[in-house]
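K.L.:
Structure: upload_7.cif, mmCIF, C-alpha atoms.
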data_model
#
loop_
_atom_site.label_atom_id
_atom_site.label_comp_id
_atom_site.auth_asym_id
_atom_site.auth_seq_id
_atom_site.Cartn_x
_atom_site.Cartn_y
_atom_site.Cartn_z
CA MET A 1 -12.44 7.54 12.28
CA ASN A 2 -11.51 7.01 8.64
CA PHE A 3 -8.37 5.55 7.12
CA ALA A 4 -6.50 8.85 6.66
CA THR A 5 -4.16 8.03 9.55
CA LEU A 6 -3.37 4.46 8.46
CA ASP A 7 -0.18 3.47 6.66
CA LEU A 8 -1.53 1.80 3.52
CA GLN A 9 1.47 1.70 1.20
CA GLY A 10 1.94 -1.88 0.03
CA LYS A 11 -0.77 -3.12 2.42
CA ARG A 12 -3.83 -5.24 1.65
CA ALA A 13 -6.93 -3.29 2.65
CA LEU A 14 -9.67 -5.77 3.55
CA VAL A 15 -12.91 -3.88 3.00
CA ARG A 16 -16.37 -4.97 4.11
CA VAL A 17 -18.73 -3.54 1.49
CA ASP A 18 -22.46 -3.96 0.89
CA PHE A 19 -22.85 -5.51 -2.54
CA ASN A 20 -26.21 -7.09 -1.66
CA VAL A 21 -27.66 -5.94 -4.99
CA PRO A 22 -30.73 -7.14 -6.91
CA LEU A 23 -30.19 -9.63 -9.73
CA ASP A 24 -32.55 -10.63 -12.55
CA ASP A 25 -33.23 -14.22 -13.63
CA ALA A 26 -30.05 -14.19 -15.71
CA GLN A 27 -28.02 -12.98 -12.70
CA ASN A 28 -27.47 -9.52 -14.15
CA VAL A 29 -27.26 -6.66 -11.64
CA THR A 30 -30.43 -4.56 -12.02
CA ASP A 31 -29.48 -1.74 -9.61
CA ASP A 32 -25.81 -0.93 -8.99
CA THR A 33 -26.39 1.92 -6.51
CA ARG A 34 -24.72 0.10 -3.62
CA ILE A 35 -21.70 -0.74 -5.76
CA GLN A 36 -21.41 2.88 -6.89
CA ARG A 37 -21.47 4.12 -3.30
CA ALA A 38 -18.40 1.96 -2.50
CA ILE A 39 -16.28 3.24 -5.41
CA PRO A 40 -14.88 6.39 -3.67
CA THR A 41 -13.47 4.31 -0.81
CA ILE A 42 -11.92 1.75 -3.16
CA GLU A 43 -10.31 4.45 -5.31
CA ALA A 44 -9.01 6.36 -2.28
CA LEU A 45 -7.37 3.20 -0.90
CA LEU A 46 -5.73 2.48 -4.25
CA GLU A 47 -4.41 6.05 -4.41
CA ARG A 48 -2.79 5.53 -1.01
CA GLY A 49 -0.77 2.61 -2.38
CA ALA A 50 -2.87 -0.29 -1.14
CA SER A 51 -4.30 -3.32 -2.84
CA VAL A 52 -7.98 -3.85 -2.07
CA VAL A 53 -9.76 -7.05 -1.01
CA LEU A 54 -13.53 -6.69 -1.00
CA MET A 55 -15.92 -8.91 0.94
CA SER A 56 -19.71 -8.85 1.03
CA HIS A 57 -22.83 -10.94 1.36
CA LEU A 58 -25.46 -11.39 -1.34
CA GLY A 59 -28.96 -12.55 -0.50
CA ARG A 60 -29.75 -15.14 2.13
CA PRO A 61 -28.39 -18.44 0.80
CA LYS A 62 -28.91 -21.60 2.83
CA ALA A 63 -25.81 -23.10 1.19
CA PRO A 64 -23.38 -22.20 -1.60
CA CYS A 65 -25.29 -21.68 -4.85
CA ALA A 66 -24.37 -20.33 -8.28
CA GLU A 67 -27.34 -17.97 -8.38
CA LEU A 68 -26.03 -15.93 -5.43
CA SER A 69 -22.34 -15.99 -6.26
CA LEU A 70 -20.66 -12.59 -6.12
CA VAL A 71 -18.98 -13.43 -9.43
CA HIS A 72 -22.06 -11.83 -11.00
CA VAL A 73 -21.00 -8.47 -9.54
CA VAL A 74 -17.50 -8.53 -11.06
CA PRO A 75 -18.38 -7.16 -14.54
CA VAL A 76 -20.27 -4.17 -13.08
CA LEU A 77 -17.55 -3.46 -10.52
CA SER A 78 -14.80 -3.67 -13.15
CA GLU A 79 -16.70 -1.29 -15.42
CA LEU A 80 -17.26 1.27 -12.65
CA LEU A 81 -13.61 1.15 -11.59
CA CYS A 82 -12.24 0.95 -15.14
CA LYS A 83 -9.94 -1.78 -13.81
CA PRO A 84 -9.95 -5.58 -13.84
CA VAL A 85 -11.18 -7.21 -10.63
CA LYS A 86 -9.89 -10.62 -9.56
CA PHE A 87 -12.39 -13.05 -8.11
CA ALA A 88 -11.69 -15.57 -5.35
CA GLU A 89 -14.04 -18.54 -5.48
CA ALA A 90 -14.01 -18.72 -1.69
CA CYS A 91 -13.77 -16.14 1.09
CA VAL A 92 -11.54 -18.16 3.45
CA GLY A 93 -8.89 -20.83 3.19
CA ASP A 94 -6.23 -21.50 0.56
CA VAL A 95 -8.48 -20.62 -2.40
CA ALA A 96 -8.96 -17.11 -1.04
CA LEU A 97 -5.39 -16.69 0.21
CA ASN A 98 -3.91 -17.73 -3.16
CA VAL A 99 -5.63 -14.68 -4.63
CA THR A 100 -5.25 -12.14 -1.83
CA GLN A 101 -1.61 -12.90 -0.99
CA SER A 102 -0.55 -12.45 -4.61
CA LEU A 103 -1.98 -8.93 -4.99
CA ASN A 104 0.25 -6.01 -5.90
CA PRO A 105 -0.46 -2.38 -4.99
CA GLY A 106 -3.31 -1.17 -7.18
CA ASP A 107 -4.85 -4.64 -7.56
CA ILE A 108 -8.46 -5.40 -6.57
CA ALA A 109 -10.00 -8.72 -5.57
CA LEU A 110 -13.52 -9.72 -4.58
CA LEU A 111 -14.13 -12.67 -2.26
CA GLU A 112 -17.01 -15.09 -2.66
CA ASN A 113 -20.30 -14.58 -0.80
CA LEU A 114 -19.71 -14.48 2.95
CA ARG A 115 -23.08 -16.04 3.68
CA PHE A 116 -22.14 -19.24 1.93
CA HIS A 117 -20.78 -19.93 5.43
CA GLU A 118 -23.24 -20.02 8.33
CA GLU A 119 -20.40 -18.87 10.58
CA GLU A 120 -20.75 -15.37 9.09
CA THR A 121 -24.19 -14.62 10.53
CA ALA A 122 -23.36 -16.58 13.69
CA GLY A 123 -20.53 -14.14 14.41
CA ASP A 124 -18.05 -17.00 14.66
CA GLU A 125 -14.67 -15.78 15.90
CA PHE A 126 -12.60 -18.48 14.19
CA PHE A 127 -14.25 -17.68 10.86
CA ALA A 128 -13.60 -13.97 11.45
CA GLY A 129 -9.95 -14.83 12.02
CA GLN A 130 -9.84 -16.74 8.73
CA LEU A 131 -11.30 -13.73 6.93
CA ALA A 132 -8.74 -11.48 8.60
CA GLU A 133 -5.90 -13.43 6.97
CA ASN A 134 -6.91 -11.80 3.67
CA GLY A 135 -5.88 -8.31 4.75
CA ASP A 136 -3.33 -6.21 6.63
CA VAL A 137 -5.80 -3.45 7.55
CA TYR A 138 -9.57 -3.66 8.00
CA ILE A 139 -12.01 -1.10 6.60
CA ASN A 140 -15.75 -1.26 7.30
CA ASP A 141 -17.70 0.55 4.58
CA ALA A 142 -20.96 -1.39 4.88
CA PHE A 143 -23.35 0.77 6.89
CA GLY A 144 -26.28 -1.35 5.71
CA THR A 145 -25.00 -4.27 7.80
CA ALA A 146 -23.50 -2.29 10.70
CA HIS A 147 -26.40 -3.29 12.97
CA ARG A 148 -25.49 -6.97 12.69
CA THR A 149 -23.00 -8.71 14.99
CA HIS A 150 -21.64 -10.76 12.11
CA ALA A 151 -18.15 -12.11 11.69
CA SER A 152 -17.23 -9.65 8.93
CA THR A 153 -18.83 -6.55 10.46
CA ALA A 154 -18.09 -6.65 14.19
CA ILE A 155 -16.05 -9.68 15.25
CA ILE A 156 -13.26 -9.30 12.67
CA ALA A 157 -12.24 -5.87 13.96
CA LYS A 158 -10.57 -7.39 17.04
CA PHE A 159 -7.96 -8.96 14.74
CA PHE A 160 -6.89 -5.44 13.68
CA PRO A 161 -6.51 -3.61 17.02
CA GLU A 162 -4.59 -0.67 15.54
CA ASP A 163 -5.27 -1.06 11.82
CA LYS A 164 -9.01 -0.55 11.41
CA ALA A 165 -11.15 2.34 10.22
CA PHE A 166 -14.37 3.41 8.56
CA GLY A 167 -14.59 3.71 4.80
CA LEU A 168 -15.75 6.99 3.27
CA LEU A 169 -19.35 5.82 2.94
CA MET A 170 -19.55 4.55 6.51
CA GLN A 171 -17.96 7.77 7.77
CA SER A 172 -20.48 9.90 5.88
CA GLU A 173 -23.41 7.84 7.21
CA VAL A 174 -22.25 8.26 10.81
CA GLU A 175 -21.65 11.98 10.32
CA ALA A 176 -25.06 12.52 8.70
CA LEU A 177 -26.85 10.83 11.59
CA ASN A 178 -24.81 12.80 14.12
CA GLN A 179 -25.78 16.00 12.35
CA VAL A 180 -29.43 15.14 12.92
CA LEU A 181 -29.33 13.53 16.36
CA ALA A 182 -26.34 15.16 18.09
CA THR A 183 -25.69 18.60 16.56
CA PRO A 184 -28.78 19.65 14.57
CA ALA A 185 -29.48 23.18 13.39
CA LYS A 186 -32.84 24.13 14.86
CA PRO A 187 -35.74 23.83 14.35
CA LEU A 188 -35.43 20.05 13.97
CA LEU A 189 -38.27 18.19 12.26
CA ALA A 190 -38.78 14.43 11.98
CA ILE A 191 -41.22 13.01 9.42
CA ILE A 192 -42.13 9.42 10.23
CA GLY A 193 -44.43 7.42 7.97
CA GLY A 194 -45.14 3.81 7.21
CA ALA A 195 -47.84 1.31 7.97
CA LYS A 196 -47.56 0.39 11.63
CA VAL A 197 -46.93 2.17 14.91
CA SER A 198 -45.46 -1.04 16.32
CA SER A 199 -42.60 -1.01 13.79
CA LYS A 200 -41.66 2.61 14.58
CA LEU A 201 -42.51 2.72 18.29
CA SER A 202 -38.92 2.88 19.59
CA ILE A 203 -38.05 5.56 17.04
CA LEU A 204 -40.99 7.74 18.05
CA GLU A 205 -40.15 7.37 21.73
CA ASN A 206 -36.48 8.22 21.16
CA LEU A 207 -37.24 11.30 19.04
CA LEU A 208 -39.66 12.90 21.48
CA GLY A 209 -37.92 15.73 23.27
CA ARG A 210 -35.12 15.73 20.68
CA VAL A 211 -37.16 17.14 17.81
CA ASP A 212 -39.13 20.38 17.75
CA LYS A 213 -41.82 18.93 15.51
CA LEU A 214 -42.81 15.37 14.68
CA ILE A 215 -44.98 14.60 11.65
CA VAL A 216 -46.66 11.20 11.55
CA GLY A 217 -48.17 10.08 8.24
CA GLY A 218 -48.93 6.88 6.41
CA GLY A 219 -51.06 4.08 7.79
CA MET A 220 -49.67 4.49 11.31
CA ALA A 221 -51.41 7.87 11.65
CA TYR A 222 -54.85 6.27 11.96
CA THR A 223 -53.93 4.41 15.14
CA PHE A 224 -53.15 7.78 16.76
CA VAL A 225 -56.37 9.31 15.40
CA LYS A 226 -58.48 6.45 16.73
CA ALA A 227 -56.66 6.64 20.07
CA GLN A 228 -57.89 10.23 20.30
CA GLY A 229 -61.48 9.14 19.69
CA GLY A 230 -61.59 9.68 15.92
CA ARG A 231 -63.60 7.66 13.42
CA ILE A 232 -61.28 6.12 10.82
CA GLY A 233 -63.58 3.93 8.71
CA ASN A 234 -61.77 0.96 7.19
CA SER A 235 -58.31 2.53 7.52
CA LEU A 236 -55.36 0.50 8.75
CA VAL A 237 -55.23 0.41 12.55
CA GLU A 238 -53.48 -1.44 15.35
CA ASP A 239 -56.07 -1.70 18.11
CA ASP A 240 -53.56 -3.24 20.50
CA MET A 241 -51.40 -0.09 20.24
CA MET A 242 -54.08 2.36 21.45
CA ASP A 243 -52.70 2.77 24.96
CA LYS A 244 -49.15 3.14 23.64
CA ALA A 245 -50.31 5.75 21.11
CA ARG A 246 -51.91 7.80 23.89
CA GLU A 247 -48.71 7.51 25.95
CA ILE A 248 -46.68 8.85 23.02
CA LEU A 249 -49.07 11.76 22.52
CA ASP A 250 -48.90 12.60 26.23
CA LYS A 251 -45.11 12.36 26.24
CA ALA A 252 -44.87 14.62 23.17
CA ASN A 253 -46.92 17.23 25.00
CA ALA A 254 -44.80 16.90 28.14
CA GLU A 255 -41.52 17.08 26.20
CA GLY A 256 -42.56 20.09 24.15
CA THR A 257 -42.52 18.29 20.81
CA GLU A 258 -45.29 19.46 18.46
CA PHE A 259 -47.01 16.30 17.20
CA LEU A 260 -48.57 16.73 13.76
CA LEU A 261 -51.14 14.30 12.37
CA PRO A 262 -52.87 14.79 8.99
CA GLU A 263 -55.98 16.97 9.30
CA ASP A 264 -57.55 15.43 6.22
CA THR A 265 -57.12 12.23 4.26
CA LEU A 266 -57.51 11.06 0.67
CA CYS A 267 -59.70 8.00 1.11
CA ALA A 268 -60.61 5.15 -1.23
CA ASP A 269 -63.38 2.58 -1.33
CA LYS A 270 -60.86 -0.19 -2.06
CA PHE A 271 -57.10 -0.76 -2.08
CA ALA A 272 -56.56 -0.37 -5.82
CA PRO A 273 -55.36 2.29 -8.28
CA ASP A 274 -58.81 2.48 -9.91
CA ALA A 275 -60.65 3.00 -6.60
CA GLN A 276 -63.21 5.74 -6.07
CA THR A 277 -61.63 8.48 -3.96
CA HIS A 278 -62.86 11.21 -1.62
CA VAL A 279 -61.23 13.57 0.86
CA HIS A 280 -62.50 13.29 4.45
CA PRO A 281 -61.41 14.81 7.76
CA THR A 282 -58.99 12.27 9.22
CA HIS A 283 -60.96 12.08 12.47
CA ASP A 284 -64.25 11.44 10.63
CA ILE A 285 -63.77 8.82 7.89
CA PRO A 286 -67.03 6.96 7.11
CA ASN A 287 -67.32 3.20 7.15
CA GLY A 288 -66.43 1.67 3.78
CA TRP A 289 -63.62 4.17 3.18
CA MET A 290 -59.93 3.77 3.96
CA GLY A 291 -57.21 6.41 4.16
CA LEU A 292 -54.45 5.86 1.60
CA ASP A 293 -52.79 9.29 1.45
CA ILE A 294 -52.77 12.59 3.30
CA GLY A 295 -55.26 15.20 2.06
CA PRO A 296 -54.68 18.71 0.64
CA MET A 297 -54.88 20.52 4.02
CA ALA A 298 -52.38 18.07 5.53
CA ARG A 299 -50.07 18.43 2.54
CA GLU A 300 -50.06 22.21 2.94
CA ARG A 301 -49.45 22.03 6.69
CA PHE A 302 -46.69 19.44 6.41
CA VAL A 303 -44.94 21.38 3.63
CA GLN A 304 -45.09 24.50 5.81
CA ALA A 305 -43.48 22.59 8.69
CA VAL A 306 -40.67 21.46 6.36
CA MET A 307 -40.07 24.99 5.09
CA GLU A 308 -39.83 26.33 8.66
CA SER A 309 -37.19 23.76 9.69
CA ARG A 310 -33.43 23.75 9.31
CA THR A 311 -32.78 20.06 9.95
CA ILE A 312 -35.21 17.42 8.67
CA LEU A 313 -35.19 13.64 9.03
CA TRP A 314 -37.57 11.70 6.76
CA ASN A 315 -38.33 8.03 7.30
CA GLY A 316 -41.45 6.57 5.71
CA PRO A 317 -43.88 7.70 2.99
CA MET A 318 -47.10 9.65 3.60
CA GLY A 319 -49.30 7.20 1.70
CA VAL A 320 -49.37 4.33 -0.76
CA PHE A 321 -46.93 6.09 -3.07
CA GLU A 322 -46.56 3.00 -5.28
CA MET A 323 -49.99 3.91 -6.72
CA ASP A 324 -49.79 7.30 -8.45
CA VAL A 325 -53.25 8.34 -7.30
CA PHE A 326 -52.08 8.05 -3.66
CA ALA A 327 -48.55 9.48 -4.14
CA LYS A 328 -49.37 13.20 -3.94
CA GLY A 329 -48.60 13.57 -0.23
CA THR A 330 -45.24 11.83 -0.51
CA LYS A 331 -44.36 13.86 -3.63
CA ASP A 332 -45.23 17.18 -1.98
CA VAL A 333 -43.14 16.38 1.10
CA ALA A 334 -40.22 15.30 -1.10
CA ALA A 335 -40.46 18.48 -3.19
CA ALA A 336 -40.49 20.60 -0.02
CA LEU A 337 -37.38 18.78 1.24
CA ALA A 338 -35.63 19.52 -2.05
CA THR A 339 -36.62 23.19 -1.89
CA VAL A 340 -35.61 23.77 1.71
CA THR A 341 -32.25 22.09 1.02
CA THR A 342 -31.36 24.02 -2.11
CA ARG A 343 -32.84 27.40 -1.22
CA HIS A 344 -32.59 27.61 2.56
CA ASP A 345 -29.47 25.49 3.13
CA ALA A 346 -31.31 23.11 5.45
CA PHE A 347 -29.84 19.68 6.20
CA THR A 348 -32.16 16.91 4.98
CA LEU A 349 -31.56 13.22 5.70
CA ILE A 350 -33.62 10.52 3.98
CA GLY A 351 -33.47 6.94 5.21
CA GLY A 352 -35.38 3.69 5.25
CA GLY A 353 -36.18 1.50 2.27
CA ASP A 354 -39.56 2.98 1.36
CA SER A 355 -38.41 6.58 1.76
CA VAL A 356 -35.37 5.98 -0.42
CA ALA A 357 -37.52 4.21 -3.02
CA ALA A 358 -39.94 7.15 -2.97
CA ILE A 359 -37.29 9.86 -3.35
CA ASN A 360 -35.69 7.88 -6.19
CA LYS A 361 -39.03 7.33 -7.93
CA ILE A 362 -39.81 11.03 -7.71
CA GLY A 363 -36.33 11.85 -9.01
CA LEU A 364 -35.24 14.18 -6.21
CA ALA A 365 -32.53 12.09 -4.52
CA ASP A 366 -29.78 14.40 -5.80
CA THR A 367 -31.44 17.50 -4.32
CA VAL A 368 -31.49 16.50 -0.64
CA SER A 369 -28.47 16.58 1.67
CA TYR A 370 -28.05 12.86 2.29
CA VAL A 371 -29.75 9.60 1.32
CA SER A 372 -28.79 6.79 3.70
CA THR A 373 -27.85 3.37 2.36
CA GLY A 374 -28.78 1.57 5.58
CA GLY A 375 -32.43 0.82 6.25
CA GLY A 376 -32.27 -1.38 9.33
CA ALA A 377 -29.02 0.19 10.55
CA MET A 378 -30.43 3.70 10.35
CA LEU A 379 -33.62 2.66 12.16
CA GLU A 380 -31.60 1.22 15.03
CA VAL A 381 -29.61 4.45 15.37
CA LEU A 382 -32.90 6.38 15.46
CA GLU A 383 -34.05 4.02 18.21
CA GLY A 384 -31.02 5.09 20.24
CA LYS A 385 -29.04 1.87 19.80
CA VAL A 386 -25.28 1.58 19.29
CA LEU A 387 -24.43 -0.29 16.09
CA PRO A 388 -22.03 -3.24 16.61
CA GLY A 389 -20.21 -2.51 13.34
CA VAL A 390 -19.57 1.08 14.45
CA ALA A 391 -18.64 0.23 18.02
CA ALA A 392 -16.11 -2.37 16.80
CA ILE A 393 -14.08 0.30 15.00
CA TYR A 394 -13.91 2.50 18.10
CA ALA A 395 -13.08 -0.40 20.44
#
Write out the structure in this file as structure tokens.
P.N.:
Amino acid sequence: MNFATLDLQGKRALVRVDFNVPLDDAQNVTDDTRIQRAIPTIEALLERGASVVLMSHLGRPKAPCAELSLVHVVPVLSELLCKPVKFAEACVGDVALNVTQSLNPGDIALLENLRFHEEETAGDEFFAGQLAENGDVYINDAFGTAHRTHASTAIIAKFFPEDKAFGLLMQSEVEALNQVLATPAKPLLAIIGGAKVSSKLSILENLLGRVDKLIVGGGMAYTFVKAQGGRIGNSLVEDDMMDKAREILDKANAEGTEFLLPEDTLCADKFAPDAQTHVHPTHDIPNGWMGLDIGPMARERFVQAVMESRTILWNGPMGVFEMDVFAKGTKDVAAALATVTTRHDAFTLIGGGDSVAAINKIGLADTVSYVSTGGGAMLEVLEGKVLPGVAAIYA
């Protein structure tokens, strides 16, 4: 449901974007990826004869503060668009309206940080109505905040009953997830990593029966291994999740989902890049050793599973990829995803903060089908939840 059907000529398009970007101590933007991902929507709206009013949050301010003002984003945004961007020193009230009501077609304005007002995160309807005064049509292009019932992401849409739509980025995020969860080419493989079973429990439960194969790596794997009676040494484990881990394994078997755990593990005698290392069977790790990456047999088996699949979802690294000595498993999986995408025309979706960081660090982000911008939002979709920011556009 994008804006192709909306009449935009001479209209103010009020666009919720995600410009929650990292800043250095001098308030310079250090990573403009999120800004870049919004540019196609902004340019498309301008081409349709609209003026564009952008709104976003930045950080988690307790009160208005210069350090988290969105004015710091303006130079980067102007450079990427090759156009001047006006800045409103407030997001509601006369200060904002003086800017947004004076825009001509082709003009762009950025409102001040939404979270300078506690009403934003509270989902306050009056505040949402004040925001709505800055536009004639509403476009949500902020998938990264679509799981929040905030004033600018969910509540505001009711003020535009007929004039609301997804931006191009939001549309592509929804379509990518549908391609994995609703209409996947088979076989469908999910690769779930990370530290804790408890943080991915709902995802695992929702994927069982949907996917043909499920790979579990990272620290969470050792809870499953111990639940099966394995010896895991000093590896990360959640003892209170043992019963739940056994339930998941039983459900996978009942649902016909092949559940793959690493056969072997690269272990270390301490959590450090200069640790002594040794490969052990994952079910027989001696005391004093901890698993920090999947081993060579596991890497080979996991890569084979990737190459045999036609749709692959990857969320979570295979080990402590931040340390090069424990990054081999994550690198091999990433390389296999790149290969199966480019050579076998598989659809590969990467999502979640650590997975995105890993694929960017390895330099293969451009070789997979889709890299999601929404960590928490994507996780909630994988858990089977409906995102408020998405539902509001369809309402």
K.L.:
Of the candidates A:Ala338, A:Val95, A:Cys267, A:Leu208, which one gets nearest to Leu181 of chain A if we count all atoms listed in the file?
P.N.:
A:Leu208
K.L.:
For the point (-10.8, 3.3, -3.8) in file coordinates, what residues are within 12 Å, counting only C-alpha atoms? Give the answer as a PyMOL selection string?
P.N.:
chain A and resi 3+8+13-15+17+35-54+77+80-83+105-108+139+141+167-169
K.L.:
Taking the file as shown, find all residues satisfying the PyMOL selection byres ((chain A and resi 298) around 8) and write them as a list in words.
P.N.:
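Applied to this file, the PyMOL selection byres ((chain A and resi 298) around 8) selects Leu261, Pro262, Glu263, Asp264, Thr265, Ile294, Gly295, Pro296, Met297, Arg299, Glu300, Arg301 and Phe302 of chain A.
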K.L.:
Applied to the shown file, which residues does the PyMOL selection byres ((chain A and resi 71) around 12) return, written as a ChimeraX atom specification?
P.N.:
/A:19,23,27-29,55-58,65-70,72-78,85-90,109-113
K.L.:
For each of A:Leu189, A:Leu364, A:Ala227, A:Ala221, take the minimum atom-to-atom distance to Val303 of chain A, counting all atoms listed in the file, then give the residue where this is smallest.
P.N.:
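Once distances to Val303 of chain A are computed over all atoms listed in the file, the minimum belongs to A:Leu189.
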K.L.:
Take atom CA of Asp94 of chain A and atom CA of Phe126 of chain A and report the distance between them in Å, one decimal.
P.N.:
15.3 Å
K.L.:
Of the residues A:Ile203, A:Ala252, A:Ala182, A:Val137, which is the one nearest to Lys11 of chain A, using all atoms listed in the file?
P.N.:
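With all atoms listed in the file as the atom set, the closest residue is A:Val137.
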K.L.:
Determine the residue set returned by the PyMOL selection byres ((chain A and resi 317-328) around 8) for the present structure, and present it as a ChimeraX atom specification.
P.N.:
/A:192-194,217-219,266,272-273,292-294,315-316,329-332,354-355,358
K.L.:
Keeping C-alpha atoms, export the residues of the selection given above as a PDB file, in the coordinates of the input.
P.N.:
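Written out: again_14.pdb:
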ATOM      1  CA  ILE A 192     -42.130   9.420  10.230  1.00  0.00           C
ATOM      2  CA  GLY A 193     -44.430   7.420   7.970  1.00  0.00           C
ATOM      3  CA  GLY A 194     -45.140   3.810   7.210  1.00  0.00           C
ATOM      4  CA  GLY A 217     -48.170  10.080   8.240  1.00  0.00           C
ATOM      5  CA  GLY A 218     -48.930   6.880   6.410  1.00  0.00           C
ATOM      6  CA  GLY A 219     -51.060   4.080   7.790  1.00  0.00           C
ATOM      7  CA  LEU A 266     -57.510  11.060   0.670  1.00  0.00           C
ATOM      8  CA  ALA A 272     -56.560  -0.370  -5.820  1.00  0.00           C
ATOM      9  CA  PRO A 273     -55.360   2.290  -8.280  1.00  0.00           C
ATOM     10  CA  LEU A 292     -54.450   5.860   1.600  1.00  0.00           C
ATOM     11  CA  ASP A 293     -52.790   9.290   1.450  1.00  0.00           C
ATOM     12  CA  ILE A 294     -52.770  12.590   3.300  1.00  0.00           C
ATOM     13  CA  ASN A 315     -38.330   8.030   7.300  1.00  0.00           C
ATOM     14  CA  GLY A 316     -41.450   6.570   5.710  1.00  0.00           C
ATOM     15  CA  GLY A 329     -48.600  13.570  -0.230  1.00  0.00           C
ATOM     16  CA  THR A 330     -45.240  11.830  -0.510  1.00  0.00           C
ATOM     17  CA  LYS A 331     -44.360  13.860  -3.630  1.00  0.00           C
ATOM     18  CA  ASP A 332     -45.230  17.180  -1.980  1.00  0.00           C
ATOM     19  CA  ASP A 354     -39.560   2.980   1.360  1.00  0.00           C
ATOM     20  CA  SER A 355     -38.410   6.580   1.760  1.00  0.00           C
ATOM     21  CA  ALA A 358     -39.940   7.150  -2.970  1.00  0.00           C
TER      22      ALA A 358
END
K.L.:
Rank A:Arg148, A:Lys158, A:His117, A:Arg12 by their smallest atom-to-atom distance to Leu103 of chain A, using all atoms listed in the file, and report the top residue only.
P.N.:
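Among the listed residues, the smallest separation from Leu103 of chain A belongs to A:Arg12.
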K.L.:
When you count only C-alpha atoms, which of these residues is closest to Gly389 of chain A: A:Val237, A:Ala26, A:Ala157, A:Leu313?
P.N.:
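Once distances to Gly389 of chain A are computed over only C-alpha atoms, the minimum belongs to A:Ala157.
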K.L.:
Given only C-alpha atoms as the basis, pick out the residue of A:Lys196, A:His147, A:Lys244, A:His283 nearest to Gln228 of chain A.
P.N.:
A:His283
K.L.:
What does the distance from atom CA of Ala96 of chain A to atom CA of Gly135 of chain A come to in Å, to one decimal?
P.N.:
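We find that atom CA of Ala96 of chain A and atom CA of Gly135 of chain A lie 11.0 Å from each other.
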K.L.:
List every protein, DNA or RNA residue that has at least one atom no more than 8 Å from (-11.1, 2.7, 14.3) in the file's coordinates, counting only C-alpha atoms, and write the result as number ranges by chain.
P.N.:
A: 1-2, 162-166, 392-395
